Every structure is written in C-alpha cells, then in structure tokens.
Amino acid sequence: MKGPDAPCEGGPLGCSEFTSVRGADITGDVAWLGTDPLRVSSRNANGEWTLYVETPCNHLQVAVSVQHAVMTQLWMAVTDMACGEPEGAHEAWTTKLFDQPVQWKLDGGTLTLKNSHATIELKES
C-alpha cells in the first residue's frame with residue numbers, strides 16, 4: 001500500500017510497509033488489529049511526511065510533523081467508502097489514534113505506535 005508515486009526518501013518509517021499484529025487500548029486487547037490488520041507506510045511529498053494507513057474500511061492519509069520520537073498530525077484525509085460494522089468502527093478507532101501525538105519506535109522490523117488512546121505493534125511486511 002505504498003503512497004501514490006511519492007518518492008521514498010527514508011522518512012519516519014524508512015521505505016518499509018508495516019502490518020499490525022497486535023494492539024491494546026484502555027478496554028484491553030484490540031484483537032482485530034491481528035485479524036483485520038492496519039497497513040502503514042510513509043512517503044515525503046513537497047517536504048511533508050505523509051503516513052498512508054489502510055484500515056479494514058477506508059484509507060487514511062495523515063500528514064505529520066516529526067519531532068524526535070513523536071509524530072503530530074498536520075492534516076488527515078480519508079477515503080469515503082460506505083462501510084458496515086465492525087469495519088466502520090475500526091476506521092473510527094484508527095482515526096482517533098492520529099487525533100493526538102503518537103510516540104513511535106522502530107526497532108529492527110518492529111514498529112510501535114503509542115499514545116493515550118492505544119498501543120499498536122506492527123511488523124515489517
């Protein structure tokens with residue numbers, strides 16, 4: 001799920017794509033992150049970093065500023081497919097994740113995204 005023809009120049013996540021394998025929020029385990037995973041990649045276009053996030057429903061483009069180990073949303077665009085449940089709820093959950101700054105850590109092939117909403121572990125795919 002690479003971004004549209006945008007060059008990969010390293011970016012916050014390197015030139016890799018990642019797939020969620022597990023996650024949790026304040027309610028506990030978020031099982032669908034392992035069964036209907038998120039797919040995440042990043043690209044640089046016009047000097048702006050954009051995360052491309054494929055949810056079980058729609059795709060998000062999240063432009064972020066990156067300061068050390070924190071990504072902060074600058075703007076977000078979402079495709080508009082009419083999705084049933086639970087996919088629509090999964091998209092809303094994912095959108096909420098990026099509504100606040102996200103701490104990120106890339107350790108080998110494992111990416112961790114974390115804030116007060118959730119913690120997600122993704123593997124390079």
# chains A, B, ... in the order shown; residues from 1 in each chain; ligands from 1
$ select_by_dssp --residues "chain A" --states "alpha helix (DSSP H)" --output "PyMOL selection string"
chain A and resi 32-35+87-97
$ residues_around --residues "A:Glu124" --least-positions-apart "4" --cutoff "8 Å" --atoms "only C-alpha atoms" --output "list in words"
Ser16, Glu17, Phe18, Thr19, Gly109, Thr110 and Leu111 of chain A
$ residues_around --residues "A:Val102" --least-positions-apart "3" --cutoff "10 Å" --atoms "only C-alpha atoms" --output "MDAnalysis selection string"
chainID A and resid 64 66 69:73 97:99 105 112:119
$ closest_residue --among "A:Leu51, A:Val21, A:Val62, A:Cys15" --to "A:Gly34" --atoms "only C-alpha atoms"
A:Val21
$ residues_around --residues "stretch 22-26 of chain A" --least-positions-apart "2" --cutoff "9 Å" --atoms "only C-alpha atoms" --output "list of chain:residue names"
A:Ser20, A:Gly28, A:Asp29, A:Val30, A:Ala31, A:Trp32, A:Leu33, A:Gly34, A:Thr35, A:Pro37, A:Ser116, A:His117, A:Ala118, A:Thr119, A:Ile120, A:Glu121, A:Leu122
$ select_by_dssp --residues "chain A" --states "strand (DSSP E)" --output "compact mmCIF listing (two decimals) with all heavy atoms, in the first residue's frame"
# COMPACT_ATOMS: atom_id res chain seq x y z
N PHE A 18 4.38 -1.64 6.94
CA PHE A 18 4.19 -2.38 8.18
C PHE A 18 2.74 -2.84 8.29
O PHE A 18 1.82 -2.16 7.85
CB PHE A 18 4.53 -1.49 9.38
CG PHE A 18 5.97 -1.07 9.41
CD1 PHE A 18 6.40 0.07 8.72
CD2 PHE A 18 6.91 -1.82 10.09
CE1 PHE A 18 7.73 0.45 8.72
CE2 PHE A 18 8.24 -1.45 10.10
CZ PHE A 18 8.65 -0.31 9.41
N THR A 19 2.56 -4.00 8.94
CA THR A 19 1.24 -4.58 9.14
C THR A 19 1.06 -4.83 10.64
O THR A 19 1.93 -5.42 11.28
CB THR A 19 1.12 -5.91 8.36
OG1 THR A 19 1.36 -5.65 6.98
CG2 THR A 19 -0.25 -6.53 8.53
N SER A 20 -0.10 -4.40 11.17
CA SER A 20 -0.34 -4.59 12.60
C SER A 20 -0.48 -6.06 12.94
O SER A 20 -1.04 -6.84 12.17
CB SER A 20 -1.59 -3.81 13.06
OG SER A 20 -2.76 -4.33 12.48
N VAL A 21 0.06 -6.42 14.10
CA VAL A 21 -0.04 -7.80 14.58
C VAL A 21 -0.77 -7.88 15.92
O VAL A 21 -1.33 -8.92 16.26
CB VAL A 21 1.34 -8.48 14.70
CG1 VAL A 21 1.94 -8.69 13.32
CG2 VAL A 21 2.29 -7.71 15.58
N ARG A 22 -0.78 -6.77 16.66
CA ARG A 22 -1.49 -6.74 17.95
C ARG A 22 -1.59 -5.31 18.42
O ARG A 22 -0.90 -4.43 17.93
CB ARG A 22 -0.80 -7.60 19.01
CG ARG A 22 0.55 -7.12 19.46
CD ARG A 22 1.21 -8.05 20.49
NE ARG A 22 1.39 -9.39 20.00
CZ ARG A 22 2.42 -9.82 19.29
NH1 ARG A 22 3.38 -8.99 18.96
NH2 ARG A 22 2.51 -11.07 18.89
N GLY A 23 -2.47 -5.11 19.39
CA GLY A 23 -2.62 -3.79 19.97
C GLY A 23 -3.54 -3.84 21.17
O GLY A 23 -4.22 -4.84 21.42
N ALA A 24 -3.57 -2.73 21.89
CA ALA A 24 -4.41 -2.62 23.08
C ALA A 24 -4.81 -1.17 23.26
O ALA A 24 -4.11 -0.25 22.81
CB ALA A 24 -3.67 -3.13 24.31
N ASP A 25 -5.94 -0.97 23.92
CA ASP A 25 -6.37 0.36 24.34
C ASP A 25 -6.85 0.25 25.78
O ASP A 25 -6.63 -0.79 26.43
CB ASP A 25 -7.40 0.96 23.38
CG ASP A 25 -8.71 0.17 23.30
OD1 ASP A 25 -8.98 -0.69 24.18
OD2 ASP A 25 -9.47 0.42 22.35
N GLY A 28 -8.55 -2.92 26.79
CA GLY A 28 -7.81 -4.18 26.75
C GLY A 28 -7.34 -4.50 25.35
O GLY A 28 -7.09 -3.60 24.53
N ASP A 29 -7.23 -5.78 25.05
CA ASP A 29 -6.72 -6.26 23.77
C ASP A 29 -7.64 -5.82 22.62
O ASP A 29 -8.86 -5.90 22.73
CB ASP A 29 -6.63 -7.78 23.81
CG ASP A 29 -6.06 -8.37 22.54
OD1 ASP A 29 -5.02 -7.87 22.05
OD2 ASP A 29 -6.66 -9.33 22.02
N ARG A 39 -2.40 -1.43 7.71
CA ARG A 39 -1.16 -1.41 6.93
C ARG A 39 -0.70 0.03 6.87
O ARG A 39 -1.49 0.92 6.55
CB ARG A 39 -1.39 -2.00 5.55
CG ARG A 39 -1.61 -3.50 5.61
CD ARG A 39 -1.86 -4.11 4.24
NE ARG A 39 -1.93 -5.55 4.28
CZ ARG A 39 -2.86 -6.29 4.88
NH1 ARG A 39 -3.80 -5.69 5.56
NH2 ARG A 39 -2.86 -7.59 4.84
N VAL A 40 0.58 0.26 7.19
CA VAL A 40 1.11 1.62 7.32
C VAL A 40 2.40 1.75 6.53
O VAL A 40 3.28 0.88 6.61
CB VAL A 40 1.37 1.96 8.81
CG1 VAL A 40 1.96 3.35 8.96
CG2 VAL A 40 0.10 1.82 9.64
N SER A 41 2.52 2.84 5.78
CA SER A 41 3.77 3.20 5.13
C SER A 41 3.88 4.72 5.18
O SER A 41 2.94 5.41 5.59
CB SER A 41 3.81 2.70 3.68
OG SER A 41 2.78 3.29 2.91
N SER A 42 5.03 5.27 4.78
CA SER A 42 5.19 6.73 4.78
C SER A 42 5.93 7.17 3.53
O SER A 42 6.72 6.42 2.96
CB SER A 42 5.92 7.20 6.03
OG SER A 42 7.27 6.80 6.00
N ARG A 43 5.67 8.39 3.13
CA ARG A 43 6.34 9.00 1.97
C ARG A 43 6.52 10.49 2.22
O ARG A 43 5.78 11.11 2.99
CB ARG A 43 5.52 8.81 0.69
CG ARG A 43 5.40 7.36 0.24
CD ARG A 43 6.76 6.83 -0.23
NE ARG A 43 6.68 5.45 -0.65
CZ ARG A 43 6.93 4.40 0.12
NH1 ARG A 43 7.21 4.56 1.39
NH2 ARG A 43 6.89 3.18 -0.36
N ASN A 44 7.46 11.08 1.51
CA ASN A 44 7.71 12.50 1.56
C ASN A 44 7.27 13.11 0.24
O ASN A 44 7.70 12.66 -0.82
CB ASN A 44 9.20 12.77 1.80
CG ASN A 44 9.51 14.24 1.94
OD1 ASN A 44 9.14 15.05 1.12
ND2 ASN A 44 10.22 14.57 2.99
N ALA A 45 6.40 14.11 0.28
CA ALA A 45 5.98 14.83 -0.92
C ALA A 45 5.98 16.31 -0.60
O ALA A 45 5.38 16.73 0.39
CB ALA A 45 4.60 14.38 -1.37
N GLU A 48 6.77 17.33 2.96
CA GLU A 48 5.85 16.96 4.03
C GLU A 48 5.77 15.44 4.13
O GLU A 48 5.58 14.76 3.12
CB GLU A 48 4.47 17.54 3.71
CG GLU A 48 3.46 17.40 4.82
CD GLU A 48 2.22 18.21 4.49
OE1 GLU A 48 1.45 17.79 3.60
OE2 GLU A 48 2.03 19.26 5.13
N TRP A 49 5.88 14.91 5.35
CA TRP A 49 5.76 13.48 5.56
C TRP A 49 4.30 13.09 5.67
O TRP A 49 3.53 13.72 6.38
CB TRP A 49 6.50 13.03 6.82
CG TRP A 49 7.97 13.11 6.61
CD1 TRP A 49 8.83 14.00 7.19
CD2 TRP A 49 8.75 12.32 5.73
NE1 TRP A 49 10.10 13.79 6.71
CE2 TRP A 49 10.08 12.77 5.83
CE3 TRP A 49 8.46 11.26 4.88
CZ2 TRP A 49 11.12 12.20 5.10
CZ3 TRP A 49 9.50 10.69 4.15
CH2 TRP A 49 10.81 11.17 4.27
N THR A 50 3.93 12.06 4.94
CA THR A 50 2.56 11.56 4.97
C THR A 50 2.57 10.08 5.30
O THR A 50 3.31 9.32 4.68
CB THR A 50 1.85 11.79 3.61
OG1 THR A 50 1.88 13.19 3.31
CG2 THR A 50 0.41 11.32 3.68
N LEU A 51 1.76 9.69 6.27
CA LEU A 51 1.53 8.29 6.57
C LEU A 51 0.36 7.83 5.73
O LEU A 51 -0.66 8.53 5.63
CB LEU A 51 1.18 8.09 8.05
CG LEU A 51 2.21 8.52 9.08
CD1 LEU A 51 1.66 8.26 10.48
CD2 LEU A 51 3.53 7.80 8.87
N TYR A 52 0.49 6.67 5.12
CA TYR A 52 -0.60 6.04 4.39
C TYR A 52 -1.05 4.86 5.24
O TYR A 52 -0.27 3.96 5.51
CB TYR A 52 -0.13 5.59 3.00
CG TYR A 52 0.23 6.77 2.14
CD1 TYR A 52 1.51 7.29 2.13
CD2 TYR A 52 -0.74 7.39 1.36
CE1 TYR A 52 1.83 8.39 1.36
CE2 TYR A 52 -0.43 8.49 0.59
CZ TYR A 52 0.86 8.99 0.59
OH TYR A 52 1.16 10.09 -0.17
N VAL A 53 -2.30 4.91 5.70
CA VAL A 53 -2.82 3.91 6.63
C VAL A 53 -4.04 3.26 5.98
O VAL A 53 -5.04 3.92 5.72
CB VAL A 53 -3.22 4.55 7.98
CG1 VAL A 53 -3.69 3.48 8.96
CG2 VAL A 53 -2.06 5.36 8.56
N GLU A 54 -3.94 1.96 5.75
CA GLU A 54 -5.05 1.20 5.20
C GLU A 54 -5.76 0.54 6.37
O GLU A 54 -5.19 -0.27 7.09
CB GLU A 54 -4.52 0.15 4.23
CG GLU A 54 -5.59 -0.70 3.60
CD GLU A 54 -4.99 -1.75 2.67
OE1 GLU A 54 -3.89 -1.54 2.13
OE2 GLU A 54 -5.64 -2.80 2.51
N HIS A 59 -9.00 4.20 3.55
CA HIS A 59 -7.59 4.55 3.63
C HIS A 59 -7.46 5.96 4.20
O HIS A 59 -8.25 6.84 3.86
CB HIS A 59 -6.95 4.53 2.24
CG HIS A 59 -6.93 3.17 1.63
ND1 HIS A 59 -7.91 2.74 0.77
CD2 HIS A 59 -6.07 2.14 1.76
CE1 HIS A 59 -7.64 1.50 0.38
NE2 HIS A 59 -6.53 1.12 0.98
N LEU A 60 -6.47 6.14 5.05
CA LEU A 60 -6.17 7.46 5.62
C LEU A 60 -4.85 7.95 5.05
O LEU A 60 -3.92 7.16 4.86
CB LEU A 60 -6.01 7.38 7.14
CG LEU A 60 -7.04 6.64 7.98
CD1 LEU A 60 -6.61 6.63 9.44
CD2 LEU A 60 -8.40 7.26 7.83
N GLN A 61 -4.78 9.23 4.79
CA GLN A 61 -3.52 9.91 4.54
C GLN A 61 -3.37 10.89 5.68
O GLN A 61 -4.23 11.75 5.88
CB GLN A 61 -3.53 10.65 3.21
CG GLN A 61 -3.54 9.75 2.01
CD GLN A 61 -3.45 10.56 0.73
OE1 GLN A 61 -2.92 11.66 0.70
NE2 GLN A 61 -3.98 10.01 -0.33
N VAL A 62 -2.28 10.73 6.44
CA VAL A 62 -2.07 11.56 7.62
C VAL A 62 -0.74 12.28 7.47
O VAL A 62 0.32 11.66 7.56
CB VAL A 62 -2.07 10.70 8.92
CG1 VAL A 62 -1.97 11.61 10.14
CG2 VAL A 62 -3.29 9.80 8.99
N ALA A 63 -0.80 13.58 7.19
CA ALA A 63 0.42 14.37 7.13
C ALA A 63 0.87 14.63 8.56
O ALA A 63 0.04 14.98 9.42
CB ALA A 63 0.18 15.68 6.40
N VAL A 64 2.15 14.42 8.82
CA VAL A 64 2.66 14.54 10.19
C VAL A 64 3.93 15.39 10.23
O VAL A 64 4.70 15.42 9.28
CB VAL A 64 2.96 13.16 10.81
CG1 VAL A 64 1.70 12.35 10.99
CG2 VAL A 64 3.99 12.39 10.01
N SER A 65 4.09 16.08 11.34
CA SER A 65 5.39 16.66 11.66
C SER A 65 6.06 15.64 12.57
O SER A 65 5.40 14.97 13.38
CB SER A 65 5.25 18.02 12.34
OG SER A 65 4.67 17.89 13.61
N VAL A 66 7.36 15.50 12.43
CA VAL A 66 8.11 14.52 13.21
C VAL A 66 9.15 15.25 14.04
O VAL A 66 10.02 15.93 13.50
CB VAL A 66 8.78 13.47 12.29
CG1 VAL A 66 9.56 12.46 13.12
CG2 VAL A 66 7.75 12.78 11.42
N GLN A 67 9.00 15.15 15.34
CA GLN A 67 9.95 15.72 16.28
C GLN A 67 10.47 14.59 17.15
O GLN A 67 9.72 14.07 17.97
CB GLN A 67 9.28 16.79 17.16
CG GLN A 67 8.71 17.96 16.39
CD GLN A 67 9.80 18.85 15.83
OE1 GLN A 67 10.86 19.01 16.41
NE2 GLN A 67 9.54 19.41 14.65
N VAL A 70 8.17 11.56 18.17
CA VAL A 70 6.75 11.89 18.21
C VAL A 70 6.29 12.40 16.84
O VAL A 70 6.91 13.28 16.26
CB VAL A 70 6.44 12.95 19.29
CG1 VAL A 70 4.96 13.32 19.29
CG2 VAL A 70 6.85 12.44 20.67
N MET A 71 5.18 11.81 16.36
CA MET A 71 4.54 12.27 15.14
C MET A 71 3.27 13.01 15.54
O MET A 71 2.47 12.49 16.33
CB MET A 71 4.15 11.10 14.24
CG MET A 71 5.31 10.38 13.61
SD MET A 71 4.74 9.14 12.43
CE MET A 71 4.95 7.66 13.43
N THR A 72 3.08 14.22 14.99
CA THR A 72 1.90 15.01 15.27
C THR A 72 1.17 15.29 13.97
O THR A 72 1.78 15.75 13.00
CB THR A 72 2.28 16.33 15.97
OG1 THR A 72 3.01 16.03 17.16
CG2 THR A 72 1.05 17.15 16.32
N GLN A 73 -0.13 15.03 13.95
CA GLN A 73 -0.93 15.22 12.75
C GLN A 73 -0.99 16.69 12.34
O GLN A 73 -1.26 17.56 13.17
CB GLN A 73 -2.36 14.70 12.99
CG GLN A 73 -3.26 14.94 11.82
CD GLN A 73 -4.72 14.61 12.10
OE1 GLN A 73 -5.43 14.38 11.17
NE2 GLN A 73 -5.17 14.60 13.33
N LEU A 74 -0.74 16.94 11.05
CA LEU A 74 -0.94 18.26 10.47
C LEU A 74 -2.30 18.34 9.80
O LEU A 74 -3.01 19.33 9.90
CB LEU A 74 0.15 18.58 9.45
CG LEU A 74 1.58 18.59 10.00
CD1 LEU A 74 2.58 18.71 8.87
CD2 LEU A 74 1.75 19.72 11.00
N TRP A 75 -2.66 17.30 9.08
CA TRP A 75 -3.97 17.17 8.44
C TRP A 75 -4.21 15.70 8.13
O TRP A 75 -3.27 14.91 8.11
CB TRP A 75 -4.11 18.02 7.18
CG TRP A 75 -3.10 17.78 6.10
CD1 TRP A 75 -1.95 18.50 5.89
CD2 TRP A 75 -3.11 16.76 5.10
NE1 TRP A 75 -1.25 17.98 4.83
CE2 TRP A 75 -1.94 16.92 4.31
CE3 TRP A 75 -3.99 15.73 4.78
CZ2 TRP A 75 -1.64 16.08 3.24
CZ3 TRP A 75 -3.68 14.89 3.71
CH2 TRP A 75 -2.52 15.09 2.95
N MET A 76 -5.48 15.35 7.91
CA MET A 76 -5.83 13.98 7.59
C MET A 76 -6.90 13.99 6.49
O MET A 76 -7.82 14.80 6.51
CB MET A 76 -6.39 13.24 8.82
CG MET A 76 -6.74 11.78 8.55
SD MET A 76 -7.54 10.90 9.93
CE MET A 76 -6.47 11.25 11.30
N ALA A 77 -6.75 13.08 5.54
CA ALA A 77 -7.76 12.85 4.51
C ALA A 77 -8.16 11.39 4.58
O ALA A 77 -7.32 10.52 4.81
CB ALA A 77 -7.20 13.19 3.13
N VAL A 78 -9.44 11.13 4.37
CA VAL A 78 -9.97 9.76 4.47
C VAL A 78 -10.81 9.48 3.23
O VAL A 78 -11.62 10.31 2.83
CB VAL A 78 -10.86 9.61 5.74
CG1 VAL A 78 -11.36 8.18 5.88
CG2 VAL A 78 -10.10 10.04 6.99
N VAL A 102 1.54 10.87 18.44
CA VAL A 102 1.83 9.45 18.54
C VAL A 102 3.33 9.26 18.74
O VAL A 102 4.13 9.73 17.93
CB VAL A 102 1.39 8.71 17.25
CG1 VAL A 102 1.77 7.23 17.32
CG2 VAL A 102 -0.10 8.87 17.02
N GLN A 103 3.71 8.60 19.82
CA GLN A 103 5.10 8.20 20.01
C GLN A 103 5.34 7.01 19.11
O GLN A 103 4.49 6.12 19.00
CB GLN A 103 5.38 7.81 21.46
CG GLN A 103 5.26 8.94 22.43
CD GLN A 103 5.50 8.47 23.86
OE1 GLN A 103 5.72 7.31 24.14
NE2 GLN A 103 5.44 9.41 24.78
N TRP A 104 6.48 6.99 18.45
CA TRP A 104 6.79 5.86 17.57
C TRP A 104 8.21 5.39 17.85
O TRP A 104 9.09 6.15 18.24
CB TRP A 104 6.61 6.24 16.11
CG TRP A 104 7.54 7.32 15.63
CD1 TRP A 104 7.44 8.66 15.87
CD2 TRP A 104 8.72 7.14 14.87
NE1 TRP A 104 8.47 9.32 15.29
CE2 TRP A 104 9.29 8.42 14.66
CE3 TRP A 104 9.37 6.04 14.32
CZ2 TRP A 104 10.46 8.61 13.94
CZ3 TRP A 104 10.53 6.24 13.61
CH2 TRP A 104 11.06 7.51 13.42
N LYS A 105 8.38 4.08 17.68
CA LYS A 105 9.70 3.48 17.86
C LYS A 105 9.86 2.40 16.81
O LYS A 105 9.00 1.52 16.68
CB LYS A 105 9.83 2.87 19.26
CG LYS A 105 11.19 2.24 19.51
CD LYS A 105 11.29 1.66 20.89
CE LYS A 105 12.65 1.04 21.10
NZ LYS A 105 12.75 0.38 22.39
N LEU A 106 10.93 2.49 16.07
CA LEU A 106 11.25 1.50 15.05
C LEU A 106 12.45 0.72 15.56
O LEU A 106 13.53 1.28 15.76
CB LEU A 106 11.55 2.18 13.72
CG LEU A 106 11.78 1.29 12.52
CD1 LEU A 106 10.60 0.35 12.29
CD2 LEU A 106 12.00 2.14 11.27
N ASP A 107 12.25 -0.56 15.82
CA ASP A 107 13.30 -1.43 16.36
C ASP A 107 13.42 -2.63 15.44
O ASP A 107 12.60 -3.56 15.50
CB ASP A 107 12.93 -1.85 17.78
CG ASP A 107 14.02 -2.66 18.47
OD1 ASP A 107 15.15 -2.73 17.93
OD2 ASP A 107 13.75 -3.22 19.54
N THR A 110 10.22 -4.09 13.71
CA THR A 110 9.03 -3.87 14.53
C THR A 110 8.82 -2.38 14.76
O THR A 110 9.72 -1.68 15.22
CB THR A 110 9.15 -4.58 15.89
OG1 THR A 110 9.32 -5.98 15.66
CG2 THR A 110 7.90 -4.36 16.74
N LEU A 111 7.63 -1.91 14.44
CA LEU A 111 7.24 -0.53 14.66
C LEU A 111 6.19 -0.52 15.77
O LEU A 111 5.22 -1.28 15.71
CB LEU A 111 6.63 0.06 13.38
CG LEU A 111 5.99 1.43 13.49
CD1 LEU A 111 7.03 2.50 13.83
CD2 LEU A 111 5.25 1.78 12.21
N THR A 112 6.38 0.33 16.76
CA THR A 112 5.41 0.51 17.82
C THR A 112 4.87 1.93 17.75
O THR A 112 5.65 2.89 17.69
CB THR A 112 6.03 0.24 19.21
OG1 THR A 112 6.59 -1.07 19.21
CG2 THR A 112 4.99 0.36 20.31
N LEU A 113 3.56 2.07 17.73
CA LEU A 113 2.87 3.35 17.80
C LEU A 113 2.13 3.40 19.12
O LEU A 113 1.43 2.44 19.48
CB LEU A 113 1.88 3.50 16.64
CG LEU A 113 2.44 3.38 15.23
CD1 LEU A 113 1.32 3.47 14.20
CD2 LEU A 113 3.50 4.44 14.97
N LYS A 114 2.27 4.53 19.86
CA LYS A 114 1.70 4.57 21.21
C LYS A 114 1.28 6.00 21.56
O LYS A 114 2.01 6.94 21.30
CB LYS A 114 2.74 4.08 22.20
CG LYS A 114 2.30 4.07 23.64
CD LYS A 114 3.40 3.55 24.54
CE LYS A 114 2.94 3.51 25.98
NZ LYS A 114 3.97 2.99 26.87
N ALA A 118 -4.02 4.30 22.46
CA ALA A 118 -3.71 2.90 22.17
C ALA A 118 -2.21 2.68 22.02
O ALA A 118 -1.44 3.62 21.88
CB ALA A 118 -4.41 2.46 20.89
N THR A 119 -1.86 1.41 22.00
CA THR A 119 -0.52 0.95 21.63
C THR A 119 -0.70 -0.11 20.57
O THR A 119 -1.49 -1.04 20.74
CB THR A 119 0.22 0.35 22.84
OG1 THR A 119 0.34 1.36 23.85
CG2 THR A 119 1.61 -0.15 22.45
N ILE A 120 0.04 0.04 19.46
CA ILE A 120 -0.05 -0.91 18.35
C ILE A 120 1.34 -1.40 18.00
O ILE A 120 2.28 -0.61 17.90
CB ILE A 120 -0.66 -0.26 17.09
CG1 ILE A 120 -2.02 0.34 17.40
CG2 ILE A 120 -0.77 -1.27 15.96
CD1 ILE A 120 -2.59 1.16 16.25
N GLU A 121 1.48 -2.70 17.80
CA GLU A 121 2.72 -3.28 17.31
C GLU A 121 2.51 -3.71 15.86
O GLU A 121 1.53 -4.40 15.56
CB GLU A 121 3.13 -4.49 18.16
CG GLU A 121 4.45 -5.10 17.72
CD GLU A 121 4.84 -6.30 18.55
OE1 GLU A 121 4.68 -6.25 19.79
OE2 GLU A 121 5.28 -7.30 17.96
N LEU A 122 3.42 -3.27 15.00
CA LEU A 122 3.36 -3.61 13.59
C LEU A 122 4.68 -4.27 13.18
O LEU A 122 5.74 -3.92 13.72
CB LEU A 122 3.13 -2.36 12.73
CG LEU A 122 1.89 -1.52 13.08
CD1 LEU A 122 2.27 -0.32 13.93
CD2 LEU A 122 1.18 -1.10 11.83
N LYS A 123 4.61 -5.18 12.23
CA LYS A 123 5.80 -5.84 11.71
C LYS A 123 6.01 -5.42 10.26
O LYS A 123 5.05 -5.21 9.51
CB LYS A 123 5.65 -7.37 11.77
CG LYS A 123 5.55 -7.93 13.17
CD LYS A 123 6.86 -7.84 13.88
CE LYS A 123 6.77 -8.53 15.25
NZ LYS A 123 8.00 -8.45 16.00
N GLU A 124 7.29 -5.31 9.89
CA GLU A 124 7.61 -5.00 8.51
C GLU A 124 7.05 -6.08 7.61
O GLU A 124 7.15 -7.27 7.89
CB GLU A 124 9.13 -4.90 8.35
CG GLU A 124 9.55 -4.31 7.04
CD GLU A 124 11.03 -4.00 7.01
OE1 GLU A 124 11.73 -4.15 8.04
OE2 GLU A 124 11.50 -3.58 5.94
$ atom_distance --atom1 "atom CA of A:Glu85" --atom2 "atom CA of A:Leu38"
16.0 Å
$ atom_distance --atom1 "atom CA of A:Gly84" --atom2 "atom CA of A:Asp36"
14.0 Å
$ closest_residue --among "A:Gly108, A:Lys96, A:Pro101, A:Asn58" --to "A:Met81" --atoms "only C-alpha atoms"
A:Asn58
$ atom_distance --atom1 "atom CA of A:Glu87" --atom2 "atom CA of A:Cys57"
5.2 Å
